[in-house]
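Written out below as structure tokens is the structure these notes cover.
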Amino acid sequence: MTVLSRTEIEPAGGVALWRQIADAIRLDIVGGKLETGDRLAGELPLAERFGVNRHTVRRAIAVLVEEGVLRAEHGRGTFVAEARRLSYPIGRRTRFSEGLAGQTKQRARTILSSRIERATARLAERLDVKPGTRLIRVETVAFADGRALSRATGWLPEQRFPEYPAVLAETGSTTEALKRYGIDDYSRGSTRISARHATTDEAQVLKLAPGAVVLVSDAVDIDAAGVPIHTLLTRFPADRMELVV
């Protein structure tokens with residue numbers, strides 16, 4: 001029987017034990033200790049590794065199976081379903097379709113909702129407009145080969161981009177939509193990247209289990225003259241994507 005080295009988890013750390021175990025297994029996969037198709041250790045060895053009962057381990061595994069990170073085969077055990085993550089480059093010219101070219105076959109974006117909002121002080125600063133300016137807020141989800149890969153919230157000045165949601169829906173592409181407004185090309189002005197646990201909404205849209213980790217990209221795109229076009233808050237499932245800067 002394989003002997004697993006003891007992994008310390010913090011009972012009083014404010015994060016549920018099963019969630020800490022799920023995160024540790026995710027790290028094993030991301031770090032290359034487990035590859036696609038590898039069989040996960042049994043509940044008893046894992047319980048001994050983490051110093052918990054088998055019920056806690058069982059819940060952590062169930063969450064990872066629900067996310068699609070692991071797959072359970074009756075009578076055989078639990079296996080790593082997909083260890084490979086897609087690489088998404090973050091640079092001066094960041095494009096969803098171009099960034100995933102060669103890694104996926106089909107890519108699509110769905111608009112979840114849109115509405116008009118007044119620019120807060122933070123959004124006004126990022127878009128170089130006055131506070132209170134009317135902005136179009138667009139909520140989208142992007143897919144590749146049938147899997148949800150990002151949940152995004154974007155803001156654009158309404159005066160410069162009237163009817164933008166309809167144009168985006170018609171073209172299916174941010175790049176093509178912006179061309180309708182005379183912007184033939186644009187670049188990334190800034191990107192801030194962080195990580196956190198997914199919210200309930202993000203977990204539902206991206207089909208993640210509670211406690212899943214998302215990478216957050218907070219970006220501003222600019223036109224050829226350096227004028228901000230839009231600011232975009234994008235959340236990527238950490239198990240499916242890696243951001244390469």
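Please note that chains go A, B, ... in the order of the structure tokens, that every chain numbers its residues from 1, and that ligands are numbered from 1 in the order shown.
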When you look at segment 34-37 of chain A with a cut-off of 8 Å (counting only C-alpha atoms), what residues show up, excluding the ones that are within fewer than 2 positions of it in the same chain? I need them as a VMD selection string. chain A and resid 28 to 32 39 79 to 84
Sorted per-residue table, segment 171-211 of chain A near segment 89-93 of chain A, closest atoms and distance, 8 Å, only C-alpha atoms, as JSON lines:
{"residue": "A:Tyr186", "atom": "CA", "partner": "A:Arg93", "partner_atom": "CA", "distance": 7.3}
{"residue": "A:Ser187", "atom": "CA", "partner": "A:Arg93", "partner_atom": "CA", "distance": 4.9}
{"residue": "A:Arg188", "atom": "CA", "partner": "A:Arg92", "partner_atom": "CA", "distance": 4.8}
{"residue": "A:Gly189", "atom": "CA", "partner": "A:Arg92", "partner_atom": "CA", "distance": 7.3}
{"residue": "A:Thr191", "atom": "CA", "partner": "A:Ile90", "partner_atom": "CA", "distance": 7.9}
Export C-alpha atoms of the chosen residues as a compact mmCIF listing (two decimals), in the first residue's frame?
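Below is the file that was written, part-v3.txt:
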# COMPACT_ATOMS: atom_id res chain seq x y z
CA TYR A 186 -6.96 47.71 -29.10
CA SER A 187 -4.46 46.66 -26.43
CA ARG A 188 -4.28 45.86 -22.75
CA GLY A 189 -3.60 48.91 -20.61
CA THR A 191 -4.07 43.76 -15.64
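Each of A:Ser150, A:Ser113, A:Ile183, A:Ser217 was compared to Ala166 of chain A using only C-alpha atoms, and A:Ser113 turns out to be the nearest.
Proximity to Leu27 of chain A was assessed for A:Ala121, A:Val245, A:Leu112, A:Val69 counting only C-alpha atoms; the smallest distance is recorded for A:Val69.
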DSSP on the backbone, helix (DSSP H, G or I) only: what residues of segment 42-114 of chain A does that give? Format it as number ranges by chain. A: 43-50, 54-67, 96-100
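Closest to Ala195 of chain A among A:Ala16, A:Val65, A:Ala219, A:Val213 is A:Val213, based on only C-alpha atoms.
You will find atom CA of Ala224 of chain A at 8.8 Å from atom CA of Asp184 of chain A.
With only C-alpha atoms as the basis for measurement, A:Gln20 is the residue among A:Gln20, A:Thr140, A:Thr78, A:Thr94 that approaches Gly51 of chain A most closely.
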Residues of segment 89-165 of chain A within 8 Å of segment 198-210 of chain A: nearest atom pair and distance (Å, one decimal) for each, counting only C-alpha atoms, sorted by chain and number, as CSV?
residue,atom,partner,partner_atom,distance
A:Val141,CA,A:Val205,CA,7.6
A:Ala148,CA,A:Leu206,CA,5.3
A:Leu149,CA,A:Leu206,CA,7.0
A:Ser150,CA,A:Leu206,CA,7.1
A:Arg151,CA,A:Glu202,CA,6.9
Residues within 9 Å of Ala169 of chain A, please, as an NGL selection string. Count only C-alpha atoms; anything in the same chain fewer than 3 positions from it doesn't count. :A and (109-111 or 164-166 or 172-173 or 177)
Dump as a short mmCIF file (atom, residue, chain, number, x, y, z; two decimals), in the first residue's frame, selection limited to N, CA and C atoms:
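Just written: selection36.cif:
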data_model
loop_
_atom_site.label_atom_id
_atom_site.label_comp_id
_atom_site.auth_asym_id
_atom_site.auth_seq_id
_atom_site.Cartn_x
_atom_site.Cartn_y
_atom_site.Cartn_z
N ARG A 109 -19.13 32.77 -26.73
CA ARG A 109 -19.44 33.65 -25.60
C ARG A 109 -20.94 33.86 -25.54
N THR A 110 -21.51 33.83 -24.34
CA THR A 110 -22.94 34.06 -24.14
C THR A 110 -23.12 35.28 -23.25
N ILE A 111 -24.03 36.16 -23.65
CA ILE A 111 -24.36 37.33 -22.82
C ILE A 111 -25.43 36.91 -21.82
N TYR A 164 -24.21 48.54 -27.42
CA TYR A 164 -23.09 47.59 -27.47
C TYR A 164 -23.52 46.14 -27.24
N PRO A 165 -24.37 45.84 -26.25
CA PRO A 165 -24.75 44.43 -26.04
C PRO A 165 -25.35 43.79 -27.29
N ALA A 166 -26.16 44.54 -28.03
CA ALA A 166 -26.77 44.00 -29.25
C ALA A 166 -25.71 43.73 -30.32
N GLY A 172 -20.62 38.22 -31.89
CA GLY A 172 -20.07 37.12 -31.11
C GLY A 172 -18.62 37.31 -30.73
N SER A 173 -18.09 38.51 -30.92
CA SER A 173 -16.67 38.76 -30.67
C SER A 173 -16.48 40.20 -30.21
N ALA A 177 -17.01 43.45 -32.52
CA ALA A 177 -17.97 44.44 -32.05
C ALA A 177 -17.34 45.83 -31.99
#
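Taking atom CA of Trp18 of chain A as the reference point, atom CA of Glu242 of chain A is found at 24.0 Å.
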Pick out the closest residue to Glu125 of chain A from this set: A:Thr56, A:Thr231, A:Ser87, A:Ser194. Count only C-alpha atoms. A:Thr231
Where in segment 121-179 of chain A does DSSP assign strand (DSSP E), given as a list of chain:residue names? A:Arg134, A:Leu135, A:Ile136, A:Arg137, A:Val138, A:Glu139, A:Thr140, A:Val141, A:Ala142, A:Phe143, A:Ala144, A:Arg147, A:Ala148, A:Leu149, A:Ser150, A:Arg151, A:Ala152, A:Thr153, A:Gly154, A:Trp155, A:Leu156, A:Pro157
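The interatomic distance for the pair atom CA of Gly77 of chain A and atom CA of Ala41 of chain A works out to 8.5 Å.
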Excluding Phe161 of chain A and its own-chain neighbours fewer than 5 positions away, which residues fall within 10 Å of it when counting only C-alpha atoms? Please give them as a ChimeraX atom specification. /A:135-136,156,167,177-178,180-181,229-230
Using only C-alpha atoms, determine which residues lie at most 8 Å from segment 57-63 of chain A, disregarding the query and same-chain residues fewer than 4 positions distant; provide the list as a PyMOL selection string. chain A and resi 18-19+21-22+43+46-47+52-53+67+70+209-210
C-alpha atoms of the current selection, written as a PDB file, in the first residue's frame:
ATOM      1  CA  TRP A  18     -13.225  19.126   3.624  1.00  0.00           C
ATOM      2  CA  ARG A  19     -12.478  22.276   1.639  1.00  0.00           C
ATOM      3  CA  ILE A  21      -8.531  18.642   1.755  1.00  0.00           C
ATOM      4  CA  ALA A  22     -10.072  19.365  -1.654  1.00  0.00           C
ATOM      5  CA  GLU A  43     -10.388   7.074   1.776  1.00  0.00           C
ATOM      6  CA  LEU A  46      -6.269   9.988   2.776  1.00  0.00           C
ATOM      7  CA  ALA A  47      -7.954  10.199   6.176  1.00  0.00           C
ATOM      8  CA  VAL A  52      -9.519  13.434   9.740  1.00  0.00           C
ATOM      9  CA  ASN A  53     -12.338  10.905   9.518  1.00  0.00           C
ATOM     10  CA  GLU A  67     -16.448  19.806 -10.422  1.00  0.00           C
ATOM     11  CA  LEU A  70     -12.010  13.643 -10.404  1.00  0.00           C
ATOM     12  CA  ALA A 209     -18.560  23.004  -6.532  1.00  0.00           C
ATOM     13  CA  PRO A 210     -18.652  25.150  -3.385  1.00  0.00           C
TER      14      PRO A 210
END
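Distances here use only C-alpha atoms; by that measure, the residue among A:Arg107, A:Val227, A:Asp38, A:Arg134 closest to Thr120 of chain A is A:Arg134.
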